[in-house]
file run.tsv (TSV, C-alpha atoms)
chain	number	residue	atom	x	y	z
P	1	MET	CA	17.51	18.03	0.45
P	2	SER	CA	18.06	18.33	4.19
P	3	GLU	CA	20.75	16.30	5.96
P	4	SER	CA	18.12	14.23	7.82
P	5	LEU	CA	16.35	13.28	4.58
P	6	ARG	CA	19.70	12.49	2.97
P	7	ARG	CA	20.50	10.05	5.78
P	8	ILE	CA	17.11	8.38	5.34
P	9	SER	CA	17.75	8.04	1.60
P	10	THR	CA	21.26	6.60	1.89
P	11	GLY	CA	21.46	4.91	5.30
P	12	ARG	CA	21.65	1.20	6.00
P	13	TYR	CA	17.95	0.92	6.76
P	14	SER	CA	16.80	3.57	4.28
P	15	GLY	CA	14.54	1.13	2.42
P	16	VAL	CA	12.86	0.14	5.68
P	17	LEU	CA	12.40	3.76	6.78
P	18	TRP	CA	10.85	4.81	3.48
P	19	GLY	CA	8.63	1.72	3.59
P	20	LEU	CA	7.54	2.52	7.13
P	21	LEU	CA	6.55	6.06	6.10
P	22	GLY	CA	4.43	4.61	3.30
P	23	ILE	CA	2.79	2.11	5.64
P	24	LEU	CA	2.05	4.85	8.18
P	25	ILE	CA	0.16	6.73	5.45
P	26	PHE	CA	-1.62	3.56	4.30
P	27	SER	CA	-2.66	2.66	7.86
P	28	PHE	CA	-5.39	5.33	7.76
P	29	THR	CA	-6.93	3.86	4.62
P	30	LEU	CA	-9.25	1.23	6.13
P	31	PRO	CA	-10.77	3.48	8.85
P	32	PHE	CA	-11.30	6.33	6.39
P	33	THR	CA	-12.70	3.97	3.75
P	34	ARG	CA	-15.07	2.54	6.35
P	35	ILE	CA	-16.35	6.05	7.08
P	36	ALA	CA	-16.59	6.99	3.40
P	37	VAL	CA	-18.52	3.93	2.17
P	38	ALA	CA	-21.25	4.59	4.73
P	39	THR	CA	-22.55	7.37	2.43
P	40	ILE	CA	-20.42	7.17	-0.74
P	41	ASN	CA	-20.94	4.44	-3.30
P	42	PRO	CA	-17.93	2.06	-3.20
P	43	LEU	CA	-17.64	2.03	-7.00
P	44	PHE	CA	-17.44	5.82	-7.09
P	45	LEU	CA	-14.98	5.75	-4.20
P	46	THR	CA	-12.74	3.44	-6.24
P	47	THR	CA	-12.93	5.24	-9.57
P	48	GLY	CA	-13.15	8.77	-8.18
P	49	ARG	CA	-10.09	8.62	-5.97
P	50	ALA	CA	-8.06	7.03	-8.77
P	51	ALA	CA	-9.16	9.72	-11.24
P	52	LEU	CA	-8.37	12.52	-8.78
P	53	ALA	CA	-4.95	11.04	-7.98
P	54	ALA	CA	-4.27	10.76	-11.72
P	55	LEU	CA	-4.91	14.48	-12.10
P	56	PHE	CA	-2.23	15.15	-9.49
P	57	ALA	CA	0.08	12.81	-11.39
P	58	ILE	CA	-0.50	14.78	-14.59
P	59	ILE	CA	0.32	18.03	-12.77
P	60	VAL	CA	3.55	16.52	-11.44
P	61	PHE	CA	4.55	15.30	-14.91
P	62	ALA	CA	3.79	18.74	-16.36
P	63	VAL	CA	6.40	20.21	-14.01
P	64	VAL	CA	8.96	17.37	-14.09
P	65	ARG	CA	9.40	15.58	-17.40
P	66	PRO	CA	9.79	11.88	-16.56
P	67	GLN	CA	11.43	9.05	-18.43
P	68	ARG	CA	8.84	7.46	-20.74
P	69	PRO	CA	8.24	3.74	-20.17
P	70	ASN	CA	8.94	1.30	-22.97
P	71	LYS	CA	6.36	-1.22	-24.23
P	72	ASN	CA	7.37	-3.89	-21.73
P	73	GLN	CA	7.22	-1.41	-18.86
P	74	VAL	CA	3.78	-0.22	-20.00
P	75	ILE	CA	2.47	-3.79	-19.74
P	76	ARG	CA	3.94	-4.07	-16.25
P	77	LEU	CA	2.45	-0.69	-15.31
P	78	ILE	CA	-0.96	-2.04	-16.34
P	79	ILE	CA	-0.40	-4.87	-13.86
P	80	VAL	CA	0.47	-2.33	-11.15
P	81	ALA	CA	-2.63	-0.28	-11.98
P	82	ALA	CA	-4.84	-3.37	-11.92
P	83	GLY	CA	-3.47	-4.30	-8.50
P	84	VAL	CA	-3.16	-1.09	-6.49
P	85	VAL	CA	-5.22	1.47	-8.43
P	86	ILE	CA	-8.25	-0.72	-9.15
P	87	GLY	CA	-8.14	-4.08	-7.33
P	88	PHE	CA	-7.21	-3.19	-3.76
P	89	PRO	CA	-9.42	-0.06	-3.46
P	90	LEU	CA	-12.40	-1.78	-5.10
P	91	PHE	CA	-12.31	-4.97	-3.05
P	92	THR	CA	-11.70	-3.21	0.27
P	93	SER	CA	-14.49	-0.73	-0.42
P	94	LEU	CA	-16.93	-3.55	-1.20
P	95	ALA	CA	-15.87	-5.48	1.90
P	96	LEU	CA	-16.02	-2.52	4.30
P	97	GLN	CA	-19.65	-1.92	3.45
P	98	SER	CA	-20.45	-4.99	5.55
P	99	VAL	CA	-17.59	-5.50	8.01
P	100	PRO	CA	-15.81	-3.11	10.40
P	101	SER	CA	-12.33	-1.78	9.78
P	102	ALA	CA	-10.81	-4.07	12.44
P	103	HIS	CA	-12.28	-7.18	10.79
P	104	GLY	CA	-10.78	-6.09	7.47
P	105	THR	CA	-7.42	-5.67	9.14
P	106	VAL	CA	-7.47	-9.35	10.14
P	107	VAL	CA	-7.32	-10.46	6.53
P	108	ILE	CA	-5.19	-7.57	5.27
P	109	ALA	CA	-2.60	-8.67	7.84
P	110	LEU	CA	-1.77	-11.50	5.44
P	111	LEU	CA	-0.42	-8.98	2.92
P	112	PRO	CA	3.26	-9.06	4.04
P	113	ALA	CA	3.51	-12.83	3.68
P	114	VAL	CA	1.71	-12.84	0.33
P	115	THR	CA	3.87	-9.97	-0.94
P	116	ALA	CA	7.02	-11.83	0.11
P	117	LEU	CA	5.77	-14.92	-1.73
P	118	PHE	CA	5.25	-12.96	-4.95
P	119	VAL	CA	8.65	-11.30	-4.54
P	120	VAL	CA	10.35	-14.68	-4.22
P	121	ILE	CA	8.50	-15.94	-7.31
P	122	ARG	CA	9.09	-12.78	-9.34
P	123	THR	CA	12.70	-11.99	-8.34
P	124	GLY	CA	15.88	-13.79	-7.37
P	125	GLU	CA	15.58	-12.88	-3.68
P	126	ARG	CA	15.88	-15.79	-1.27
P	127	PRO	CA	15.12	-14.87	2.34
P	128	SER	CA	16.85	-16.61	5.21
P	129	PHE	CA	15.22	-19.18	7.47
P	130	LEU	CA	14.99	-16.68	10.34
P	131	PHE	CA	13.23	-14.26	8.03
P	132	TRP	CA	10.51	-16.80	7.22
P	133	VAL	CA	10.15	-17.83	10.86
P	134	ALA	CA	9.73	-14.24	12.02
P	135	SER	CA	7.44	-13.35	9.12
P	136	ILE	CA	5.15	-16.34	9.53
P	137	ALA	CA	5.08	-15.87	13.30
P	138	GLY	CA	4.29	-12.19	12.80
P	139	ALA	CA	1.42	-12.95	10.44
P	140	ILE	CA	0.01	-15.54	12.86
P	141	ALA	CA	0.36	-13.12	15.76
P	142	VAL	CA	-1.43	-10.36	13.85
P	143	ILE	CA	-4.32	-12.63	12.91
P	144	ALA	CA	-4.54	-14.11	16.40
P	145	PHE	CA	-4.58	-10.87	18.33
P	146	LEU	CA	-7.02	-9.21	15.93
P	147	ALA	CA	-9.30	-12.24	16.02
P	148	LEU	CA	-9.22	-12.32	19.83
P	149	SER	CA	-9.71	-8.57	20.11
P	150	ASN	CA	-12.49	-8.12	17.58
P	151	GLY	CA	-13.94	-11.56	16.85
P	152	PHE	CA	-13.85	-13.43	13.53
P	153	SER	CA	-17.30	-14.15	12.11
P	154	GLY	CA	-16.28	-16.78	9.60
P	155	PHE	CA	-15.38	-16.86	5.92
P	156	SER	CA	-18.03	-14.72	4.19
P	157	LEU	CA	-18.33	-12.75	0.94
P	158	PRO	CA	-16.59	-9.70	2.48
P	159	ASP	CA	-13.71	-12.00	3.46
P	160	ILE	CA	-13.43	-13.15	-0.16
P	161	PHE	CA	-13.26	-9.50	-1.22
P	162	LEU	CA	-10.52	-8.90	1.35
P	163	VAL	CA	-8.51	-11.92	0.14
P	164	LEU	CA	-8.79	-10.62	-3.42
P	165	ALA	CA	-7.64	-7.22	-2.12
P	166	VAL	CA	-4.58	-8.84	-0.55
P	167	ILE	CA	-3.67	-10.67	-3.76
P	168	SER	CA	-4.21	-7.51	-5.83
P	169	ALA	CA	-2.03	-5.38	-3.56
P	170	ALA	CA	0.73	-8.01	-3.32
P	171	ILE	CA	1.02	-8.23	-7.10
P	172	GLY	CA	0.95	-4.44	-7.45
P	173	TYR	CA	3.52	-3.95	-4.69
P	174	THR	CA	5.90	-6.50	-6.17
P	175	GLU	CA	5.75	-5.29	-9.77
P	176	GLY	CA	5.69	-1.66	-8.67
P	177	GLY	CA	8.76	-2.16	-6.52
P	178	LEU	CA	10.65	-3.65	-9.46
P	179	LEU	CA	9.57	-0.89	-11.82
P	180	SER	CA	10.63	1.71	-9.26
P	181	ARG	CA	14.21	0.62	-9.83
P	182	GLU	CA	13.84	1.34	-13.54
P	183	LEU	CA	11.48	4.33	-13.74
P	184	GLY	CA	11.78	5.82	-10.25
P	185	SER	CA	9.51	5.42	-7.23
P	186	TRP	CA	7.08	8.33	-7.61
P	187	GLN	CA	7.21	8.04	-11.40
P	188	THR	CA	5.93	4.45	-11.20
P	189	ILE	CA	2.72	5.25	-9.31
P	190	CYS	CA	2.16	8.36	-11.45
P	191	TRP	CA	2.43	6.35	-14.66
P	192	ALA	CA	0.13	3.64	-13.25
P	193	LEU	CA	-2.50	6.24	-12.35
P	194	ILE	CA	-2.31	7.92	-15.76
P	195	ILE	CA	-2.54	4.59	-17.57
P	196	ALA	CA	-5.68	3.76	-15.56
P	197	LEU	CA	-7.26	7.20	-16.13
P	198	PRO	CA	-8.94	6.40	-19.52
P	199	VAL	CA	-10.88	3.69	-17.71
P	200	MET	CA	-11.44	5.36	-14.34
P	201	ALA	CA	-12.50	8.80	-15.61
P	202	PRO	CA	-15.53	7.59	-17.67
P	203	LEU	CA	-16.57	5.25	-14.85
P	204	THR	CA	-16.39	8.15	-12.40
P	205	ILE	CA	-18.66	10.25	-14.63
P	206	ILE	CA	-21.12	7.37	-14.97
P	207	ASN	CA	-21.16	6.83	-11.21
P	208	LEU	CA	-21.79	10.55	-10.66
P	209	ALA	CA	-24.75	10.42	-13.04
P	210	VAL	CA	-26.27	7.25	-11.59
P	211	VAL	CA	-25.67	7.53	-7.83
P	212	PRO	CA	-26.66	10.61	-5.77
P	213	LEU	CA	-23.72	12.43	-4.19
P	214	SER	CA	-23.17	12.13	-0.47
P	215	GLN	CA	-24.03	15.17	1.65
P	216	ASP	CA	-21.66	14.15	4.44
P	217	PRO	CA	-18.58	16.45	4.56
P	218	ILE	CA	-16.70	13.98	6.79
P	219	ALA	CA	-17.15	11.27	4.18
P	220	TRP	CA	-15.75	13.59	1.52
P	221	MET	CA	-12.76	14.44	3.70
P	222	CYS	CA	-12.06	10.71	4.01
P	223	PHE	CA	-12.47	10.38	0.24
P	224	MET	CA	-9.91	13.14	-0.30
P	225	TYR	CA	-7.43	11.42	2.03
P	226	THR	CA	-7.73	8.12	0.16
P	227	ALA	CA	-7.19	9.92	-3.15
P	228	ILE	CA	-4.30	12.21	-2.20
P	229	PHE	CA	-2.47	10.12	0.38
P	230	SER	CA	-3.52	6.46	0.09
P	231	MET	CA	-3.57	6.46	-3.71
P	232	PHE	CA	-0.81	8.97	-4.43
P	233	LEU	CA	1.69	10.28	-1.87
P	234	GLY	CA	1.85	7.05	0.15
P	235	PHE	CA	3.22	5.22	-2.88
P	236	PHE	CA	5.98	7.79	-3.28
P	237	ALA	CA	7.46	6.53	-0.01
P	238	TRP	CA	6.37	2.88	-0.31
P	239	TYR	CA	7.75	2.24	-3.79
P	240	ARG	CA	10.90	4.14	-2.83
P	241	GLY	CA	11.43	1.70	0.03
P	242	LEU	CA	10.74	-1.35	-2.14
P	243	ALA	CA	13.08	-0.03	-4.83
P	244	ILE	CA	15.93	0.31	-2.32
P	245	GLY	CA	15.07	-3.14	-0.88
P	246	PRO	CA	15.66	-5.88	-0.16
P	247	MET	CA	12.01	-6.19	-1.17
P	248	THR	CA	11.26	-9.23	0.98
P	249	THR	CA	12.57	-7.38	4.03
P	250	VAL	CA	10.85	-4.07	3.34
P	251	SER	CA	7.57	-5.87	2.67
P	252	GLN	CA	7.55	-7.12	6.27
P	253	VAL	CA	7.21	-3.54	7.54
P	254	GLN	CA	3.57	-4.06	6.62
P	255	LEU	CA	3.25	-6.18	9.77
P	256	SER	CA	3.07	-2.92	11.70
P	257	GLN	CA	0.14	-1.61	9.64
P	258	PRO	CA	-2.59	-3.51	11.54
P	259	VAL	CA	-1.28	-2.06	14.80
P	260	PHE	CA	-1.36	1.47	13.41
P	261	THR	CA	-4.79	0.88	11.90
P	262	LEU	CA	-6.26	-0.23	15.22
P	263	ILE	CA	-4.82	2.84	16.94
P	264	TRP	CA	-6.43	5.12	14.36
P	265	SER	CA	-9.66	3.12	14.66
P	266	ALA	CA	-9.65	3.82	18.39
P	267	VAL	CA	-9.00	7.54	17.91
P	268	ILE	CA	-11.20	8.10	14.86
P	269	LEU	CA	-13.93	5.49	15.20
P	270	GLY	CA	-14.03	5.38	19.00
P	271	GLU	CA	-12.94	1.76	19.48
P	272	ALA	CA	-11.36	1.04	22.86
P	273	LEU	CA	-7.67	0.07	23.08
P	274	THR	CA	-7.67	-2.93	25.40
P	275	PRO	CA	-4.62	-4.49	27.09
P	276	ASP	CA	-4.87	-7.36	24.58
P	277	ILE	CA	-4.42	-4.90	21.72
P	278	LEU	CA	-1.45	-3.19	23.37
P	279	ILE	CA	0.28	-6.49	24.18
P	280	GLY	CA	-0.50	-7.94	20.77
P	281	GLY	CA	0.82	-4.80	19.11
P	282	ALA	CA	4.08	-5.05	21.01
P	283	VAL	CA	4.49	-8.69	19.92
P	284	VAL	CA	3.80	-7.87	16.28
P	285	ILE	CA	6.24	-4.95	16.22
P	286	ALA	CA	8.94	-7.12	17.83
P	287	LEU	CA	8.45	-9.87	15.23
P	288	ALA	CA	8.43	-7.31	12.39
P	289	PHE	CA	11.69	-5.88	13.72
P	290	THR	CA	13.19	-9.38	13.83
P	291	ALA	CA	12.15	-9.97	10.21
P	292	VAL	CA	13.68	-6.66	9.15
P	293	ARG	CA	16.97	-7.47	10.89
P	294	ALA	CA	17.09	-11.00	9.46
P	295	ARG	CA	19.67	-11.42	6.75
P	296	VAL	CA	18.28	-11.72	3.22
P	297	LYS	CA	20.19	-13.65	0.58
P	298	THR	CA	19.64	-12.62	-3.04
P	299	THR	CA	20.79	-13.87	-6.39
P	300	THR	CA	20.50	-10.50	-8.13
P	301	PRO	CA	21.82	-7.03	-7.25
P	302	LEU	CA	19.42	-4.81	-5.30
P	303	SER	CA	21.03	-1.45	-5.97
P	304	LEU	CA	18.85	1.55	-6.70
P	305	SER	CA	18.96	2.95	-10.20
P	306	SER	CA	20.70	6.26	-10.67
P	307	ASP	CA	17.56	7.81	-12.19
P	308	ASP	CA	15.56	7.06	-9.07
P	309	ALA	CA	18.30	8.19	-6.75
P	310	ASN	CA	18.38	11.55	-8.50
P	311	THR	CA	14.66	12.12	-7.87
P	312	THR	CA	15.18	12.37	-4.13
P	313	GLU	CA	17.41	15.42	-4.30
call {"tool": "encode", "arguments": {"input": "run.tsv", "output": "structure tokens"}}
result
Amino acid sequence: MSESLRRISTGRYSGVLWGLLGILIFSFTLPFTRIAVATINPLFLTTGRAALAALFAIIVFAVVRPQRPNKNQVIRLIIVAAGVVIGFPLFTSLALQSVPSAHGTVVIALLPAVTALFVVIRTGERPSFLFWVASIAGAIAVIAFLALSNGFSGFSLPDIFLVLAVISAAIGYTEGGLLSRELGSWQTICWALIIALPVMAPLTIINLAVVPLSQDPIAWMCFMYTAIFSMFLGFFAWYRGLAIGPMTTVSQVQLSQPVFTLIWSAVILGEALTPDILIGGAVVIALAFTAVRARVKTTTPLSLSSDDANTTE
């Protein structure tokens, strides 16, 4: 491993840096999903990208023999799969059939706060007062500037799907982050994908038989991105960051995702970057940075397991 990657893996803010890399990869997901669902059935998009990512996971495991999860870890991996392999992709795909990417980002912006809530419930981490102030302010700022920039049409069925997507992802992020300390970061998402494969593969075949395939090559390129990067490689970095922790701090890096997503929406979908977006983005990044710097008090050790540390070499 190069010296620069070694510093990222072992430095003071290594968890934050790995988390930021994962979020950067995830920030393309909504725009590309929006493009894909225009011609690809959302159910096929959900099952197909999970099945394809699982094939990559099998290839990785064929080369590197991982630690096998025990029964308790298998149950927890099912929870991860239900949250990030099935729930989040399905609900966002259904929602983005009817609403633009920017509208979806308004609700998805709640993910850092919801993830932190699940982390506090699930673990012994107790964030400081400044952490909560910065996090809540950041979430409010994200929602406010997106609402002002793009308009908020009210609480509709797509919004319900997006809220369910947030809850699904928060649960999957929390449990996946904890498992990453035991099984390893990339091993966790690989196991979750493989566990979901017996369900996703048959559903993919059924969807192929029932729904005509899209003839749009751009839509298929977006599909491939969501399978290889959003569903697979992005979690290598994201779960690595959560495993290093503190999880409540790393989770707040997600506050930057709406800013990234709007930038990609402007470049890819042709949306204009207004002064409001630029100013709002600066505010959100500043609040996210404050949350990251805020001291986090924990009641349990947050050290990375030796097995996971060895996988980065």
call {"tool": "atom_distance", "arguments": {"input": "run.tsv", "atom1": "atom CA of Ser14 of chain P", "atom2": "atom CA of Gly104 of chain P"}}
result
29.4 Å
call {"tool": "atom_distance", "arguments": {"input": "run.tsv", "atom1": "atom CA of Gln67 of chain P", "atom2": "atom CA of Gln187 of chain P"}}
result
8.3 Å
call {"tool": "atom_distance", "arguments": {"input": "run.tsv", "atom1": "atom CA of Gly19 of chain P", "atom2": "atom CA of Val253 of chain P"}}
result
6.7 Å
call {"tool": "residues_near_point", "arguments": {"input": "run.tsv", "point": "(9.9, -14.1, 19.2)", "cutoff": "9 Å", "atoms": "only C-alpha atoms", "output": "list in words"}}
result
Ala134, Ala137, Gly138, Val283, Ala286, Leu287 and Thr290 of chain P
call {"tool": "residues_around", "arguments": {"input": "run.tsv", "residues": "Ser27 of chain P", "least_positions_apart": "5", "cutoff": "6 Å", "atoms": "all atoms listed in the file", "output": "mmCIF file with C-alpha atoms, in the coordinates of the input"}}
result
data_model
loop_
_atom_site.group_PDB
_atom_site.id
_atom_site.type_symbol
_atom_site.label_atom_id
_atom_site.label_comp_id
_atom_site.auth_asym_id
_atom_site.auth_seq_id
_atom_site.Cartn_x
_atom_site.Cartn_y
_atom_site.Cartn_z
ATOM 1 C CA GLN P 257 0.140 -1.610 9.640
ATOM 2 C CA PHE P 260 -1.360 1.470 13.410
ATOM 3 C CA THR P 261 -4.790 0.880 11.900
#
call {"tool": "closest_residue", "arguments": {"input": "run.tsv", "among": "P:Leu179, P:Ile40, P:Tyr239, P:Leu21", "to": "Gln215 of chain P", "atoms": "all atoms listed in the file"}}
result
P:Ile40
call {"tool": "closest_residue", "arguments": {"input": "run.tsv", "among": "P:Pro112, P:Gly48, P:Pro127, P:Pro31", "to": "Leu193 of chain P", "atoms": "only C-alpha atoms"}}
result
P:Gly48
call {"tool": "residues_around", "arguments": {"input": "run.tsv", "residues": "Gly177 of chain P", "least_positions_apart": "3", "cutoff": "6 Å", "atoms": "all atoms listed in the file", "output": "ChimeraX atom specification"}}
result
/P:173-174,180,239,242-243
call {"tool": "write_last_selection", "arguments": {"input": "run.tsv", "atoms": "C-alpha atoms", "output": "PDB file, keeping the file's coordinate frame"}}
result
ATOM      1  CA  TYR P 173       3.520  -3.950  -4.690  1.00  0.00           C
ATOM      2  CA  THR P 174       5.900  -6.500  -6.170  1.00  0.00           C
ATOM      3  CA  SER P 180      10.630   1.710  -9.260  1.00  0.00           C
ATOM      4  CA  TYR P 239       7.750   2.240  -3.790  1.00  0.00           C
ATOM      5  CA  LEU P 242      10.740  -1.350  -2.140  1.00  0.00           C
ATOM      6  CA  ALA P 243      13.080  -0.030  -4.830  1.00  0.00           C
TER       7      ALA P 243
END
call {"tool": "closest_residue", "arguments": {"input": "run.tsv", "among": "P:Ile167, P:Phe56, P:Phe28, P:Trp18", "to": "Ser185 of chain P", "atoms": "only C-alpha atoms"}}
result
P:Trp18
call {"tool": "residues_around", "arguments": {"input": "run.tsv", "residues": "segment 70-78 of chain P", "least_positions_apart": "4", "cutoff": "12 Å", "atoms": "only C-alpha atoms", "output": "VMD selection string"}}
result
chain P and resid 82 to 87 171 to 183 187 to 197 199
call {"tool": "axis_aligned_box", "arguments": {"input": "run.tsv", "around": "segment 196-201 of chain P", "padding_each_side": "4 Å", "output": "AutoDock Vina command-line options"}}
result
--center_x -9.1 --center_y 6.2 --center_z -16.9 --size_x 14.8 --size_y 13.1 --size_z 13.2
call {"tool": "closest_residue", "arguments": {"input": "run.tsv", "among": "P:Leu94, P:Ala51, P:Ala62, P:Ile143", "to": "Leu203 of chain P", "atoms": "all atoms listed in the file"}}
result
P:Ala51
call {"tool": "closest_residue", "arguments": {"input": "run.tsv", "among": "P:Trp132, P:Trp264, P:Trp186, P:Phe91", "to": "Leu45 of chain P", "atoms": "only C-alpha atoms"}}
result
P:Phe91
call {"tool": "residues_around", "arguments": {"input": "run.tsv", "residues": "Arg34 of chain P", "least_positions_apart": "3", "cutoff": "12 Å", "atoms": "only C-alpha atoms", "output": "PDB file with C-alpha atoms, in the coordinates of the input"}}
result
ATOM      1  CA  PHE P  28      -5.390   5.330   7.760  1.00  0.00           C
ATOM      2  CA  THR P  29      -6.930   3.860   4.620  1.00  0.00           C
ATOM      3  CA  LEU P  30      -9.250   1.230   6.130  1.00  0.00           C
ATOM      4  CA  PRO P  31     -10.770   3.480   8.850  1.00  0.00           C
ATOM      5  CA  VAL P  37     -18.520   3.930   2.170  1.00  0.00           C
ATOM      6  CA  ALA P  38     -21.250   4.590   4.730  1.00  0.00           C
ATOM      7  CA  THR P  39     -22.550   7.370   2.430  1.00  0.00           C
ATOM      8  CA  ILE P  40     -20.420   7.170  -0.740  1.00  0.00           C
ATOM      9  CA  ASN P  41     -20.940   4.440  -3.300  1.00  0.00           C
ATOM     10  CA  PRO P  42     -17.930   2.060  -3.200  1.00  0.00           C
ATOM     11  CA  LEU P  45     -14.980   5.750  -4.200  1.00  0.00           C
ATOM     12  CA  PRO P  89      -9.420  -0.060  -3.460  1.00  0.00           C
ATOM     13  CA  THR P  92     -11.700  -3.210   0.270  1.00  0.00           C
ATOM     14  CA  SER P  93     -14.490  -0.730  -0.420  1.00  0.00           C
ATOM     15  CA  LEU P  94     -16.930  -3.550  -1.200  1.00  0.00           C
ATOM     16  CA  ALA P  95     -15.870  -5.480   1.900  1.00  0.00           C
ATOM     17  CA  LEU P  96     -16.020  -2.520   4.300  1.00  0.00           C
ATOM     18  CA  GLN P  97     -19.650  -1.920   3.450  1.00  0.00           C
ATOM     19  CA  SER P  98     -20.450  -4.990   5.550  1.00  0.00           C
ATOM     20  CA  VAL P  99     -17.590  -5.500   8.010  1.00  0.00           C
ATOM     21  CA  PRO P 100     -15.810  -3.110  10.400  1.00  0.00           C
ATOM     22  CA  SER P 101     -12.330  -1.780   9.780  1.00  0.00           C
ATOM     23  CA  ALA P 102     -10.810  -4.070  12.440  1.00  0.00           C
ATOM     24  CA  HIS P 103     -12.280  -7.180  10.790  1.00  0.00           C
ATOM     25  CA  GLY P 104     -10.780  -6.090   7.470  1.00  0.00           C
ATOM     26  CA  THR P 105      -7.420  -5.670   9.140  1.00  0.00           C
ATOM     27  CA  ILE P 218     -16.700  13.980   6.790  1.00  0.00           C
ATOM     28  CA  ALA P 219     -17.150  11.270   4.180  1.00  0.00           C
ATOM     29  CA  CYS P 222     -12.060  10.710   4.010  1.00  0.00           C
ATOM     30  CA  PHE P 223     -12.470  10.380   0.240  1.00  0.00           C
ATOM     31  CA  THR P 226      -7.730   8.120   0.160  1.00  0.00           C
ATOM     32  CA  THR P 261      -4.790   0.880  11.900  1.00  0.00           C
ATOM     33  CA  SER P 265      -9.660   3.120  14.660  1.00  0.00           C
ATOM     34  CA  ILE P 268     -11.200   8.100  14.860  1.00  0.00           C
ATOM     35  CA  LEU P 269     -13.930   5.490  15.200  1.00  0.00           C
TER      36      LEU P 269
END
call {"tool": "closest_residue", "arguments": {"input": "run.tsv", "among": "P:Ile228, P:Gln252, P:Ala294, P:Gly245", "to": "Ala57 of chain P", "atoms": "only C-alpha atoms"}}
result
P:Ile228
call {"tool": "build_atoms", "arguments": {"input": "run.tsv", "residues": "segment 234-246 of chain P", "atoms": "N, CA, C and O atoms", "output": "PDB file, in the coordinates of the input"}}
result
ATOM      1  N   GLY P 234       1.382   8.218  -0.586  1.00  0.00           N
ATOM      2  CA  GLY P 234       1.850   7.050   0.150  1.00  0.00           C
ATOM      3  C   GLY P 234       2.746   6.159  -0.698  1.00  0.00           C
ATOM      4  O   GLY P 234       3.734   5.595  -0.211  1.00  0.00           O
ATOM      5  N   PHE P 235       2.422   6.067  -1.992  1.00  0.00           N
ATOM      6  CA  PHE P 235       3.220   5.220  -2.880  1.00  0.00           C
ATOM      7  C   PHE P 235       4.564   5.845  -3.215  1.00  0.00           C
ATOM      8  O   PHE P 235       5.493   5.128  -3.590  1.00  0.00           O
ATOM      9  N   PHE P 236       4.677   7.167  -3.088  1.00  0.00           N
ATOM     10  CA  PHE P 236       5.980   7.790  -3.280  1.00  0.00           C
ATOM     11  C   PHE P 236       6.990   7.175  -2.318  1.00  0.00           C
ATOM     12  O   PHE P 236       8.105   6.814  -2.692  1.00  0.00           O
ATOM     13  N   ALA P 237       6.576   7.080  -1.044  1.00  0.00           N
ATOM     14  CA  ALA P 237       7.460   6.530  -0.010  1.00  0.00           C
ATOM     15  C   ALA P 237       7.546   5.010  -0.112  1.00  0.00           C
ATOM     16  O   ALA P 237       8.632   4.428  -0.006  1.00  0.00           O
ATOM     17  N   TRP P 238       6.409   4.349  -0.329  1.00  0.00           N
ATOM     18  CA  TRP P 238       6.370   2.880  -0.310  1.00  0.00           C
ATOM     19  C   TRP P 238       7.194   2.282  -1.444  1.00  0.00           C
ATOM     20  O   TRP P 238       8.022   1.387  -1.235  1.00  0.00           O
ATOM     21  N   TYR P 239       6.989   2.767  -2.664  1.00  0.00           N
ATOM     22  CA  TYR P 239       7.750   2.240  -3.790  1.00  0.00           C
ATOM     23  C   TYR P 239       9.222   2.623  -3.688  1.00  0.00           C
ATOM     24  O   TYR P 239      10.099   1.903  -4.168  1.00  0.00           O
ATOM     25  N   ARG P 240       9.504   3.762  -3.075  1.00  0.00           N
ATOM     26  CA  ARG P 240      10.900   4.140  -2.830  1.00  0.00           C
ATOM     27  C   ARG P 240      11.570   3.098  -1.934  1.00  0.00           C
ATOM     28  O   ARG P 240      12.692   2.650  -2.206  1.00  0.00           O
ATOM     29  N   GLY P 241      10.880   2.703  -0.872  1.00  0.00           N
ATOM     30  CA  GLY P 241      11.430   1.700   0.030  1.00  0.00           C
ATOM     31  C   GLY P 241      11.629   0.360  -0.649  1.00  0.00           C
ATOM     32  O   GLY P 241      12.671  -0.285  -0.492  1.00  0.00           O
ATOM     33  N   LEU P 242      10.621  -0.080  -1.440  1.00  0.00           N
ATOM     34  CA  LEU P 242      10.740  -1.350  -2.140  1.00  0.00           C
ATOM     35  C   LEU P 242      11.846  -1.306  -3.188  1.00  0.00           C
ATOM     36  O   LEU P 242      12.528  -2.307  -3.421  1.00  0.00           O
ATOM     37  N   ALA P 243      12.022  -0.147  -3.818  1.00  0.00           N
ATOM     38  CA  ALA P 243      13.080  -0.030  -4.830  1.00  0.00           C
ATOM     39  C   ALA P 243      14.459  -0.168  -4.209  1.00  0.00           C
ATOM     40  O   ALA P 243      15.356  -0.795  -4.775  1.00  0.00           O
ATOM     41  N   ILE P 244      14.647   0.421  -3.013  1.00  0.00           N
ATOM     42  CA  ILE P 244      15.930   0.310  -2.320  1.00  0.00           C
ATOM     43  C   ILE P 244      16.129  -1.128  -1.852  1.00  0.00           C
ATOM     44  O   ILE P 244      17.207  -1.699  -1.990  1.00  0.00           O
ATOM     45  N   GLY P 245      15.060  -1.744  -1.284  1.00  0.00           N
ATOM     46  CA  GLY P 245      15.070  -3.140  -0.880  1.00  0.00           C
ATOM     47  C   GLY P 245      15.956  -3.437   0.330  1.00  0.00           C
ATOM     48  O   GLY P 245      16.423  -2.527   1.004  1.00  0.00           O
ATOM     49  N   PRO P 246      16.200  -4.756   0.580  1.00  0.00           N
ATOM     50  CA  PRO P 246      15.660  -5.880  -0.160  1.00  0.00           C
ATOM     51  C   PRO P 246      14.129  -5.946  -0.040  1.00  0.00           C
ATOM     52  O   PRO P 246      13.573  -5.696   1.037  1.00  0.00           O
TER      53      PRO P 246
END
